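Notes to accompany the following structure.
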Amino acid sequence: MACRIHIGLFTVMIVAATALPAGAQLLPQVTPKPAKAPATKPAQIVVETSPNAEVYLDDQYTGRASPEGRLVIGNTKPGEHNLRVSLTGKRDFQERITVVAGKEVRIEATLADLPGSILVRTTPGAAVFLDNSNRGVADASGQLTLSEVAPGVHALRIAAPGKKDFSQTVNVSSGKGTGVEAALLNLPNPGEVRENSRDALKYVWIPSGTFMMGCSPGDNECESDERPSHQVTISKGFWIAQTEVTVGAYKRFAVATGRPMPDAPRFNKGWANDRMPIVNVTWNDAHDFCAWAGARLPTEAEWEYAARGESTEARYGSIDEVAWYSVNSGGQTHPVGEKRANGFGLYDVLGNVWEWVNDWYDQKYYQSSPSQDPSGPTSGQQRVLRGGSWVSVPWVVRVSFRSSYNPANRNYINGVRCGVEVFAP
């Protein structure tokens with residue numbers, strides 16, 4: 001349907017594609033409004049760090065982390081920013097971050113402890129070790145500063161020739177210095193002899209040193225467990241008894257501790273001769289006696305080093321000159337100290353009685369033992385005995401010969417010699 005309407009100067013034409021039903025109205029067409037864009041969510045930075053840490057954004061202070069270690073930085077402008085987190089005693093955390101409009105950036109700012117330092121005052125030229133790491137030597141004034149030390153507990157050791165090592169644990173606080181006064185005491189002179197008031201025995205100072213342990217050069221009687229011969233360093237000097245523990249010394253121990261005396265042998269009935277070496281003691285008896293005397297059992301390496309007395313031979317003299325053994329003993333022990341001493345002034349390290357040492361026995365131990373201060377296997381069935389006894393045949397009476405025995409058993413050929421830390425230098 002089409003119609004024309006004349007209105008003044010204008011003519012309006014209305015065209016309808018279809019006829020309108022009766023009573024229908026012609027409504028004006030309405031154009032819909034465009035939808036509103038959603039509001040932009042502001043950007044924010046969530047920092048998780050140490051409680052009470054101060055947080056800076058682009059060098060502007062933004063707040064302090066909560067007791068839970070959290071801080072939210074809101075309404076952050078999109079783009080690149082420098083974040084820094086600080087706390088006393090901690091290293092600053094710094095990171096370049098990118099902020100995107102409407103996005104949340106989560107930062108975990110772990111604050112590492114600041115290193116501390118240790119100022120050591122000691123003997124000029126002394127070597128300073130921290131946790132077994134050499135950190136240098138003290139200057140002419142006796143000072144050395146150890147810097148960049150991680151907070152916590154550390155083992156400090158200071159050493160100088162002719163001086164007793166100084167050892168101490170040091171607790172280093174974050175970002176702080178700690179001072180240590182380390183007076184180094186003079187070591188005893190090699191071969192110096194002192195009497196122990198506890199057991200009334202004399203002890204000899206053995207200096208530190210290096211030796212060849214095991215089968216001696218030219219010795220054709222060595223067993224497989226004496227091989228291979230190998231270099232061993234004893235890094236610290238030590239005290240060792242000049243003689244085997246005597247009956248008299250063991251009586252003092254028995255009285256002091258209430259421990260009964262072991263059964264006496266036929267050749268020293270009723271333990272009448274106090275100068276005879278004690279026998280018929282277990283490894284535990286020997287261990288406990290030494291502890292009571294303020295000493296300990298020497299390691300196998302310490303024993304052989306001391307027994308050699310700086311000699312490289314299988315014996316430190318002719319066998320009859322230095323030892324009581326099967327041929328000359330007359331079937332019994334003899335009072336200590338009657339034979340010739342070795343180069344360190346020790347008596348009867350060969351013959352008279354076997355001497356318990358601290359180590360467990362392992363036939364193949366020498367194949368993999370440490371080259372410095374070996375302490376023996378960590379476990380075993382038998383303990384080591386060294387030196388031979390009054391019943392031993394000649395080929396056994398050698399400084400490298402190794403024997404072993406059940407530590408709980410007793411025998412009239414087994415005794416003990418104590419050593420190590422007996423006196424303060």
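If you're wondering about the labels, chains in the structure tokens are A, B, ... by order shown, residues count from 1 in each chain, ligands from 1 in order shown.
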
If DSSP is run on the backbone, what residues of segment 40-212 of chain A are strand (DSSP E)? A reply as a JSON list (two decimals) with N, CA and C atoms, in the first residue's frame would be ideal.
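Contents of the output file selection_39.json:
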[["chain", "number", "residue", "atom", "x", "y", "z"],
["A", 44, "GLN", "N", 47.00, -4.78, 41.33],
["A", 44, "GLN", "CA", 47.54, -4.78, 42.68],
["A", 44, "GLN", "C", 48.71, -5.76, 42.77],
["A", 45, "ILE", "N", 49.57, -5.51, 43.76],
["A", 45, "ILE", "CA", 50.73, -6.35, 44.00],
["A", 45, "ILE", "C", 50.58, -6.94, 45.40],
["A", 46, "VAL", "N", 50.66, -8.27, 45.48],
["A", 46, "VAL", "CA", 50.60, -8.96, 46.77],
["A", 46, "VAL", "C", 52.01, -9.45, 47.09],
["A", 47, "VAL", "N", 52.57, -8.94, 48.18],
["A", 47, "VAL", "CA", 53.94, -9.30, 48.59],
["A", 47, "VAL", "C", 53.86, -10.21, 49.80],
["A", 48, "GLU", "N", 54.49, -11.37, 49.69],
["A", 48, "GLU", "CA", 54.59, -12.31, 50.82],
["A", 48, "GLU", "C", 56.05, -12.39, 51.22],
["A", 54, "GLU", "N", 59.78, -3.96, 55.52],
["A", 54, "GLU", "CA", 59.35, -2.73, 54.86],
["A", 54, "GLU", "C", 59.38, -2.94, 53.35],
["A", 55, "VAL", "N", 58.34, -2.47, 52.68],
["A", 55, "VAL", "CA", 58.19, -2.69, 51.24],
["A", 55, "VAL", "C", 58.23, -1.34, 50.52],
["A", 56, "TYR", "N", 59.06, -1.26, 49.46],
["A", 56, "TYR", "CA", 59.21, -0.03, 48.68],
["A", 56, "TYR", "C", 58.91, -0.35, 47.22],
["A", 57, "LEU", "N", 58.18, 0.56, 46.58],
["A", 57, "LEU", "CA", 57.90, 0.44, 45.15],
["A", 57, "LEU", "C", 58.43, 1.69, 44.48],
["A", 60, "GLN", "N", 59.60, 4.30, 46.80],
["A", 60, "GLN", "CA", 58.60, 4.94, 47.65],
["A", 60, "GLN", "C", 58.09, 3.92, 48.66],
["A", 61, "TYR", "N", 58.13, 4.30, 49.93],
["A", 61, "TYR", "CA", 57.66, 3.40, 50.99],
["A", 61, "TYR", "C", 56.17, 3.15, 50.83],
["A", 62, "THR", "N", 55.79, 1.86, 50.79],
["A", 62, "THR", "CA", 54.37, 1.53, 50.60],
["A", 62, "THR", "C", 53.74, 0.87, 51.81],
["A", 63, "GLY", "N", 54.55, 0.50, 52.77],
["A", 63, "GLY", "CA", 53.97, -0.11, 53.97],
["A", 63, "GLY", "C", 54.86, -1.20, 54.54],
["A", 64, "ARG", "N", 54.36, -1.82, 55.61],
["A", 64, "ARG", "CA", 55.09, -2.86, 56.32],
["A", 64, "ARG", "C", 54.28, -4.15, 56.29],
["A", 70, "ARG", "N", 52.52, -10.42, 55.05],
["A", 70, "ARG", "CA", 51.79, -10.14, 53.81],
["A", 70, "ARG", "C", 51.49, -8.64, 53.71],
["A", 71, "LEU", "N", 51.62, -8.11, 52.47],
["A", 71, "LEU", "CA", 51.27, -6.72, 52.21],
["A", 71, "LEU", "C", 50.69, -6.63, 50.80],
["A", 72, "VAL", "N", 49.54, -5.92, 50.68],
["A", 72, "VAL", "CA", 48.89, -5.72, 49.38],
["A", 72, "VAL", "C", 49.07, -4.26, 48.98],
["A", 73, "ILE", "N", 49.64, -4.04, 47.78],
["A", 73, "ILE", "CA", 49.81, -2.70, 47.24],
["A", 73, "ILE", "C", 48.73, -2.52, 46.17],
["A", 79, "GLY", "N", 52.65, -1.22, 34.19],
["A", 79, "GLY", "CA", 53.97, -0.96, 33.65],
["A", 79, "GLY", "C", 55.07, -1.60, 34.49],
["A", 80, "GLU", "N", 56.31, -1.18, 34.27],
["A", 80, "GLU", "CA", 57.47, -1.72, 34.97],
["A", 80, "GLU", "C", 57.70, -0.97, 36.27],
["A", 81, "HIS", "N", 58.03, -1.75, 37.33],
["A", 81, "HIS", "CA", 58.28, -1.15, 38.63],
["A", 81, "HIS", "C", 59.44, -1.86, 39.31],
["A", 82, "ASN", "N", 60.12, -1.13, 40.20],
["A", 82, "ASN", "CA", 61.18, -1.73, 41.02],
["A", 82, "ASN", "C", 60.63, -1.99, 42.42],
["A", 83, "LEU", "N", 60.67, -3.25, 42.83],
["A", 83, "LEU", "CA", 60.19, -3.64, 44.15],
["A", 83, "LEU", "C", 61.40, -3.93, 45.04],
["A", 84, "ARG", "N", 61.37, -3.38, 46.25],
["A", 84, "ARG", "CA", 62.43, -3.65, 47.22],
["A", 84, "ARG", "C", 61.79, -3.93, 48.56],
["A", 85, "VAL", "N", 62.32, -4.99, 49.23],
["A", 85, "VAL", "CA", 61.81, -5.37, 50.55],
["A", 85, "VAL", "C", 62.99, -5.40, 51.50],
["A", 86, "SER", "N", 62.87, -4.75, 52.65],
["A", 86, "SER", "CA", 63.99, -4.62, 53.59],
["A", 86, "SER", "C", 63.57, -5.00, 54.99],
["A", 93, "PHE", "N", 65.64, -7.69, 49.40],
["A", 93, "PHE", "CA", 65.10, -8.38, 48.24],
["A", 93, "PHE", "C", 64.77, -7.33, 47.20],
["A", 94, "GLN", "N", 65.27, -7.48, 45.98],
["A", 94, "GLN", "CA", 64.98, -6.53, 44.90],
["A", 94, "GLN", "C", 64.59, -7.29, 43.65],
["A", 95, "GLU", "N", 63.56, -6.77, 42.98],
["A", 95, "GLU", "CA", 63.11, -7.44, 41.76],
["A", 95, "GLU", "C", 62.39, -6.43, 40.86],
["A", 96, "ARG", "N", 62.61, -6.52, 39.56],
["A", 96, "ARG", "CA", 61.90, -5.71, 38.57],
["A", 96, "ARG", "C", 60.63, -6.47, 38.19],
["A", 97, "ILE", "N", 59.47, -5.83, 38.37],
["A", 97, "ILE", "CA", 58.22, -6.53, 38.11],
["A", 97, "ILE", "C", 57.40, -5.76, 37.08],
["A", 98, "THR", "N", 56.53, -6.49, 36.40],
["A", 98, "THR", "CA", 55.62, -5.92, 35.40],
["A", 98, "THR", "C", 54.20, -6.01, 35.92],
["A", 99, "VAL", "N", 53.52, -4.88, 35.92],
["A", 99, "VAL", "CA", 52.13, -4.82, 36.40],
["A", 99, "VAL", "C", 51.23, -4.62, 35.19],
["A", 104, "GLU", "N", 46.55, -9.18, 39.12],
["A", 104, "GLU", "CA", 47.24, -9.24, 40.41],
["A", 104, "GLU", "C", 48.61, -9.88, 40.22],
["A", 105, "VAL", "N", 49.62, -9.25, 40.78],
["A", 105, "VAL", "CA", 50.97, -9.79, 40.74],
["A", 105, "VAL", "C", 51.32, -10.27, 42.15],
["A", 106, "ARG", "N", 51.68, -11.52, 42.25],
["A", 106, "ARG", "CA", 52.02, -12.10, 43.56],
["A", 106, "ARG", "C", 53.53, -12.34, 43.61],
["A", 107, "ILE", "N", 54.17, -11.75, 44.60],
["A", 107, "ILE", "CA", 55.63, -11.84, 44.75],
["A", 107, "ILE", "C", 55.97, -12.50, 46.08],
["A", 108, "GLU", "N", 56.80, -13.55, 46.03],
["A", 108, "GLU", "CA", 57.31, -14.17, 47.24],
["A", 108, "GLU", "C", 58.72, -13.64, 47.47],
["A", 116, "GLY", "N", 77.65, -12.68, 58.85],
["A", 116, "GLY", "CA", 78.33, -12.05, 59.96],
["A", 116, "GLY", "C", 79.83, -12.13, 59.77],
["A", 117, "SER", "N", 80.57, -11.84, 60.81],
["A", 117, "SER", "CA", 82.03, -11.91, 60.74],
["A", 117, "SER", "C", 82.58, -12.36, 62.08],
["A", 118, "ILE", "N", 83.81, -12.87, 62.05],
["A", 118, "ILE", "CA", 84.51, -13.30, 63.26],
["A", 118, "ILE", "C", 85.88, -12.64, 63.27],
["A", 119, "LEU", "N", 86.17, -11.92, 64.32],
["A", 119, "LEU", "CA", 87.48, -11.33, 64.51],
["A", 119, "LEU", "C", 88.26, -12.22, 65.47],
["A", 120, "VAL", "N", 89.33, -12.85, 64.95],
["A", 120, "VAL", "CA", 90.14, -13.75, 65.76],
["A", 120, "VAL", "C", 91.40, -13.02, 66.22],
["A", 121, "ARG", "N", 91.67, -13.10, 67.51],
["A", 121, "ARG", "CA", 92.92, -12.58, 68.08],
["A", 121, "ARG", "C", 93.68, -13.75, 68.67],
["A", 127, "ALA", "N", 97.40, -20.55, 61.87],
["A", 127, "ALA", "CA", 96.43, -20.87, 60.83],
["A", 127, "ALA", "C", 95.04, -20.97, 61.44],
["A", 128, "VAL", "N", 94.06, -20.39, 60.75],
["A", 128, "VAL", "CA", 92.69, -20.34, 61.25],
["A", 128, "VAL", "C", 91.79, -21.16, 60.33],
["A", 129, "PHE", "N", 91.05, -22.09, 60.93],
["A", 129, "PHE", "CA", 90.15, -22.96, 60.19],
["A", 129, "PHE", "C", 88.72, -22.75, 60.68],
["A", 130, "LEU", "N", 87.79, -22.63, 59.75],
["A", 130, "LEU", "CA", 86.38, -22.53, 60.09],
["A", 130, "LEU", "C", 85.65, -23.66, 59.40],
["A", 133, "SER", "N", 87.71, -25.58, 56.99],
["A", 133, "SER", "CA", 88.20, -24.88, 55.81],
["A", 133, "SER", "C", 89.22, -23.84, 56.26],
["A", 134, "ASN", "N", 90.39, -23.85, 55.62],
["A", 134, "ASN", "CA", 91.46, -22.91, 55.97],
["A", 134, "ASN", "C", 91.07, -21.51, 55.53],
["A", 135, "ARG", "N", 90.95, -20.58, 56.49],
["A", 135, "ARG", "CA", 90.52, -19.22, 56.17],
["A", 135, "ARG", "C", 91.67, -18.22, 56.22],
["A", 136, "GLY", "N", 92.91, -18.71, 56.40],
["A", 136, "GLY", "CA", 94.04, -17.79, 56.38],
["A", 136, "GLY", "C", 94.86, -17.86, 57.65],
["A", 137, "VAL", "N", 95.82, -16.94, 57.78],
["A", 137, "VAL", "CA", 96.68, -16.90, 58.96],
["A", 137, "VAL", "C", 96.58, -15.53, 59.64],
["A", 143, "GLN", "N", 95.92, -10.90, 64.45],
["A", 143, "GLN", "CA", 94.50, -10.76, 64.14],
["A", 143, "GLN", "C", 94.18, -11.29, 62.75],
["A", 144, "LEU", "N", 92.97, -11.80, 62.62],
["A", 144, "LEU", "CA", 92.42, -12.19, 61.31],
["A", 144, "LEU", "C", 90.91, -12.06, 61.37],
["A", 145, "THR", "N", 90.34, -11.36, 60.39],
["A", 145, "THR", "CA", 88.89, -11.21, 60.32],
["A", 145, "THR", "C", 88.33, -12.18, 59.28],
["A", 146, "LEU", "N", 87.40, -12.99, 59.71],
["A", 146, "LEU", "CA", 86.71, -13.90, 58.81],
["A", 146, "LEU", "C", 85.40, -13.23, 58.42],
["A", 147, "SER", "N", 85.27, -12.86, 57.15],
["A", 147, "SER", "CA", 84.08, -12.17, 56.68],
["A", 147, "SER", "C", 83.17, -13.13, 55.93],
["A", 148, "GLU", "N", 81.97, -12.65, 55.64],
["A", 148, "GLU", "CA", 80.97, -13.43, 54.89],
["A", 148, "GLU", "C", 80.72, -14.79, 55.54],
["A", 149, "VAL", "N", 80.53, -14.77, 56.84],
["A", 149, "VAL", "CA", 80.26, -16.00, 57.58],
["A", 149, "VAL", "C", 78.74, -16.15, 57.74],
["A", 152, "GLY", "N", 74.79, -18.71, 62.30],
["A", 152, "GLY", "CA", 74.66, -20.06, 62.84],
["A", 152, "GLY", "C", 75.88, -20.45, 63.63],
["A", 153, "VAL", "N", 75.94, -21.73, 63.99],
["A", 153, "VAL", "CA", 77.02, -22.26, 64.81],
["A", 153, "VAL", "C", 78.12, -22.83, 63.91],
["A", 154, "HIS", "N", 79.36, -22.46, 64.18],
["A", 154, "HIS", "CA", 80.49, -22.90, 63.38],
["A", 154, "HIS", "C", 81.59, -23.45, 64.28],
["A", 155, "ALA", "N", 82.41, -24.34, 63.71],
["A", 155, "ALA", "CA", 83.55, -24.91, 64.44],
["A", 155, "ALA", "C", 84.81, -24.14, 64.05],
["A", 156, "LEU", "N", 85.40, -23.49, 65.03],
["A", 156, "LEU", "CA", 86.61, -22.71, 64.82],
["A", 156, "LEU", "C", 87.81, -23.47, 65.40],
["A", 157, "ARG", "N", 88.87, -23.57, 64.60],
["A", 157, "ARG", "CA", 90.09, -24.21, 65.07],
["A", 157, "ARG", "C", 91.28, -23.37, 64.66],
["A", 158, "ILE", "N", 92.24, -23.22, 65.58],
["A", 158, "ILE", "CA", 93.42, -22.41, 65.31],
["A", 158, "ILE", "C", 94.65, -23.24, 65.67],
["A", 159, "ALA", "N", 95.62, -23.27, 64.76],
["A", 159, "ALA", "CA", 96.79, -24.13, 64.94],
["A", 159, "ALA", "C", 98.07, -23.38, 64.63],
["A", 166, "PHE", "N", 93.66, -24.69, 69.31],
["A", 166, "PHE", "CA", 92.54, -24.05, 69.99],
["A", 166, "PHE", "C", 91.28, -24.42, 69.22],
["A", 167, "SER", "N", 90.27, -24.95, 69.91],
["A", 167, "SER", "CA", 89.01, -25.32, 69.26],
["A", 167, "SER", "C", 87.85, -24.73, 70.05],
["A", 168, "GLN", "N", 86.88, -24.19, 69.32],
["A", 168, "GLN", "CA", 85.72, -23.58, 69.97],
["A", 168, "GLN", "C", 84.58, -23.48, 68.97],
["A", 169, "THR", "N", 83.37, -23.68, 69.44],
["A", 169, "THR", "CA", 82.20, -23.42, 68.59],
["A", 169, "THR", "C", 81.84, -21.95, 68.73],
["A", 170, "VAL", "N", 81.50, -21.32, 67.60],
["A", 170, "VAL", "CA", 81.19, -19.89, 67.57],
["A", 170, "VAL", "C", 79.80, -19.70, 66.97],
["A", 171, "ASN", "N", 78.96, -18.96, 67.67],
["A", 171, "ASN", "CA", 77.62, -18.66, 67.17],
["A", 171, "ASN", "C", 77.63, -17.28, 66.53],
["A", 172, "VAL", "N", 77.42, -17.24, 65.22],
["A", 172, "VAL", "CA", 77.47, -15.99, 64.46],
["A", 172, "VAL", "C", 76.05, -15.50, 64.21],
["A", 177, "GLY", "N", 79.21, -8.88, 64.07],
["A", 177, "GLY", "CA", 80.56, -9.39, 64.25],
["A", 177, "GLY", "C", 80.71, -10.07, 65.60],
["A", 178, "THR", "N", 81.57, -11.09, 65.65],
["A", 178, "THR", "CA", 81.86, -11.82, 66.88],
["A", 178, "THR", "C", 83.36, -11.85, 67.09],
["A", 179, "GLY", "N", 83.80, -11.59, 68.28],
["A", 179, "GLY", "CA", 85.23, -11.63, 68.59],
["A", 179, "GLY", "C", 85.61, -12.88, 69.36],
["A", 180, "VAL", "N", 86.77, -13.44, 69.04],
["A", 180, "VAL", "CA", 87.27, -14.64, 69.73],
["A", 180, "VAL", "C", 88.72, -14.41, 70.14],
["A", 181, "GLU", "N", 88.99, -14.58, 71.43],
["A", 181, "GLU", "CA", 90.35, -14.52, 71.94],
["A", 181, "GLU", "C", 90.86, -15.96, 72.05],
["A", 193, "VAL", "N", 107.95, -36.46, 80.12],
["A", 193, "VAL", "CA", 107.28, -37.44, 80.96],
["A", 193, "VAL", "C", 106.58, -36.74, 82.11],
["A", 194, "ARG", "N", 105.32, -37.13, 82.34],
["A", 194, "ARG", "CA", 104.57, -36.63, 83.49],
["A", 194, "ARG", "C", 103.85, -37.78, 84.17],
["A", 195, "GLU", "N", 103.66, -37.62, 85.47],
["A", 195, "GLU", "CA", 102.94, -38.66, 86.22],
["A", 195, "GLU", "C", 101.48, -38.27, 86.37],
["A", 202, "LYS", "N", 103.33, -43.12, 84.73],
["A", 202, "LYS", "CA", 104.00, -42.07, 83.96],
["A", 202, "LYS", "C", 103.53, -42.12, 82.51],
["A", 203, "TYR", "N", 103.37, -40.93, 81.92],
["A", 203, "TYR", "CA", 102.93, -40.81, 80.53],
["A", 203, "TYR", "C", 103.96, -39.99, 79.75],
["A", 204, "VAL", "N", 104.11, -40.35, 78.47],
["A", 204, "VAL", "CA", 105.11, -39.72, 77.60],
["A", 204, "VAL", "C", 104.39, -38.94, 76.50],
["A", 205, "TRP", "N", 104.90, -37.74, 76.20],
["A", 205, "TRP", "CA", 104.32, -36.94, 75.11],
["A", 205, "TRP", "C", 104.87, -37.40, 73.77],
["A", 206, "ILE", "N", 103.97, -37.79, 72.86],
["A", 206, "ILE", "CA", 104.32, -38.23, 71.51],
["A", 206, "ILE", "C", 103.95, -37.11, 70.55],
["A", 209, "GLY", "N", 103.02, -36.47, 63.71],
["A", 209, "GLY", "CA", 103.98, -36.86, 62.68],
["A", 209, "GLY", "C", 103.37, -37.80, 61.66],
["A", 210, "THR", "N", 104.18, -38.20, 60.71],
["A", 210, "THR", "CA", 103.77, -39.09, 59.63],
["A", 210, "THR", "C", 104.68, -40.31, 59.62],
["A", 211, "PHE", "N", 104.11, -41.48, 59.38],
["A", 211, "PHE", "CA", 104.91, -42.71, 59.36],
["A", 211, "PHE", "C", 104.29, -43.70, 58.38],
["A", 212, "MET", "N", 105.04, -44.76, 58.09],
["A", 212, "MET", "CA", 104.53, -45.83, 57.25],
["A", 212, "MET", "C", 103.98, -46.92, 58.16]]

I'd like the contact shell of Ala295 of chain A - 8 Å cut-off, only C-alpha atoms, skipping same-chain residues fewer than 3 positions apart - returned as a ChimeraX atom specification.
/A:290-292,418-422

Any idea what's packed within 6 Å of segment 316-333 of chain A, counting only C-alpha atoms, ignoring anything in its chain fewer than 4 positions away? Could you give it as a list of chain:residue names?
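After dropping sequence-adjacent residues, the list is A:Lys339, A:Arg340, A:Leu350, A:Gly351, A:Asn352, A:Ser389, A:Trp390, A:Val391, A:Ser392, A:Val393.
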
Counting only C-alpha atoms, which of A:Ala341, A:Ala138, A:Val245, A:Val281 gets nearest to Gly191 of chain A?
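Closest residue, counting only C-alpha atoms: A:Ala341.
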
Taking 2 positions as the minimum chain separation for residues in the same chain, which residues sit within 8 Å of Arg417 of chain A when counting only C-alpha atoms? Answer as a list in words.
Ile240, Ala241, Thr243, Glu244, Val245, Leu297, Glu355, Trp356, Gly415 and Gly419 of chain A

To one decimal place in Å, what is the distance between atom CA of Ser141 of chain A and atom CA of Pro161 of chain A?
17.3 Å

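Comparing the minimum interatomic distances between Phe344 of chain A and each of A:Asp359, A:Glu300, A:Glu221, A:Glu192, counting only C-alpha atoms, we find that A:Glu192 sits nearest.
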
Would you mind reading off the distance between atom CA of Thr299 of chain A and atom CA of Asp373 of chain A, one decimal, in Å?
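Answer for the atom CA of Thr299 of chain A to atom CA of Asp373 of chain A separation: 8.6 Å.
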
With only C-alpha atoms as the atoms that count, which of A:Asp139, A:Asp225, A:Asp92, A:Asp199 lies nearest to Ser368 of chain A?
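When distances to Ser368 of chain A are compared using only C-alpha atoms, the smallest one comes from A:Asp225.
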
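Atom pair atom CA of Thr378 of chain A / atom CA of Val357 of chain A: separated by 14.0 Å.
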
Counting only C-alpha atoms, what is within 9 Å of Pro228 of chain A, bar same-chain residues fewer than 6 positions away, as a PyMOL selection string?
chain A and resi 213-215+366-367

10 Å contact set for Ile234 of chain A, only C-alpha atoms, chain neighbours under 2 positions out, as a tab-separated table (two decimals) with N, CA and C atoms, in the first residue's frame:
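Listed below is the output, out.tsv:
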chain	number	residue	atom	x	y	z
A	206	ILE	N	103.97	-37.79	72.86
A	206	ILE	CA	104.32	-38.23	71.51
A	206	ILE	C	103.95	-37.11	70.55
A	207	PRO	N	104.89	-36.52	69.82
A	207	PRO	CA	104.55	-35.43	68.92
A	207	PRO	C	103.79	-35.93	67.69
A	208	SER	N	103.08	-35.03	67.04
A	208	SER	CA	102.40	-35.39	65.79
A	208	SER	C	103.45	-35.75	64.74
A	209	GLY	N	103.02	-36.47	63.71
A	209	GLY	CA	103.98	-36.86	62.68
A	209	GLY	C	103.37	-37.80	61.66
A	210	THR	N	104.18	-38.20	60.71
A	210	THR	CA	103.77	-39.09	59.63
A	210	THR	C	104.68	-40.31	59.62
A	211	PHE	N	104.11	-41.48	59.38
A	211	PHE	CA	104.91	-42.71	59.36
A	211	PHE	C	104.29	-43.70	58.38
A	232	VAL	N	100.57	-42.83	56.98
A	232	VAL	CA	99.54	-42.33	57.90
A	232	VAL	C	100.08	-41.10	58.62
A	236	LYS	N	97.79	-34.78	65.55
A	236	LYS	CA	97.91	-34.14	66.86
A	236	LYS	C	98.80	-34.99	67.76
A	237	GLY	N	99.65	-34.30	68.50
A	237	GLY	CA	100.43	-35.00	69.50
A	237	GLY	C	99.54	-35.56	70.60
A	238	PHE	N	100.03	-36.54	71.33
A	238	PHE	CA	99.22	-37.16	72.38
A	238	PHE	C	100.10	-37.76	73.46
A	301	ALA	N	96.31	-46.93	64.91
A	301	ALA	CA	97.33	-46.12	64.26
A	301	ALA	C	98.18	-45.37	65.28
A	302	GLU	N	97.55	-44.80	66.30
A	302	GLU	CA	98.30	-44.12	67.35
A	302	GLU	C	99.24	-45.09	68.05
A	305	TYR	N	102.23	-45.96	65.72
A	305	TYR	CA	103.11	-44.79	65.61
A	305	TYR	C	103.97	-44.65	66.85
A	371	SER	N	94.21	-41.77	55.32
A	371	SER	CA	95.64	-41.47	55.45
A	371	SER	C	95.92	-40.54	56.63
A	372	GLN	N	94.87	-39.98	57.23
A	372	GLN	CA	95.07	-39.10	58.39
A	372	GLN	C	94.18	-39.54	59.54
A	373	ASP	N	94.79	-39.77	60.68
A	373	ASP	CA	94.08	-40.11	61.92
A	373	ASP	C	93.02	-41.19	61.73
A	374	PRO	N	93.39	-42.34	61.15
A	374	PRO	CA	92.38	-43.40	61.00
A	374	PRO	C	91.91	-43.89	62.35

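If you measure from each of A:Ser229, A:Ser173, A:Asn280, A:Ser197 to Asn414 of chain A using only C-alpha atoms, the closest one turns out to be A:Asn280.
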
Residue nearest Ala293 of chain A among A:Val353, A:Leu201, A:Leu346, A:Ala126 (counting only C-alpha atoms)
A:Leu201
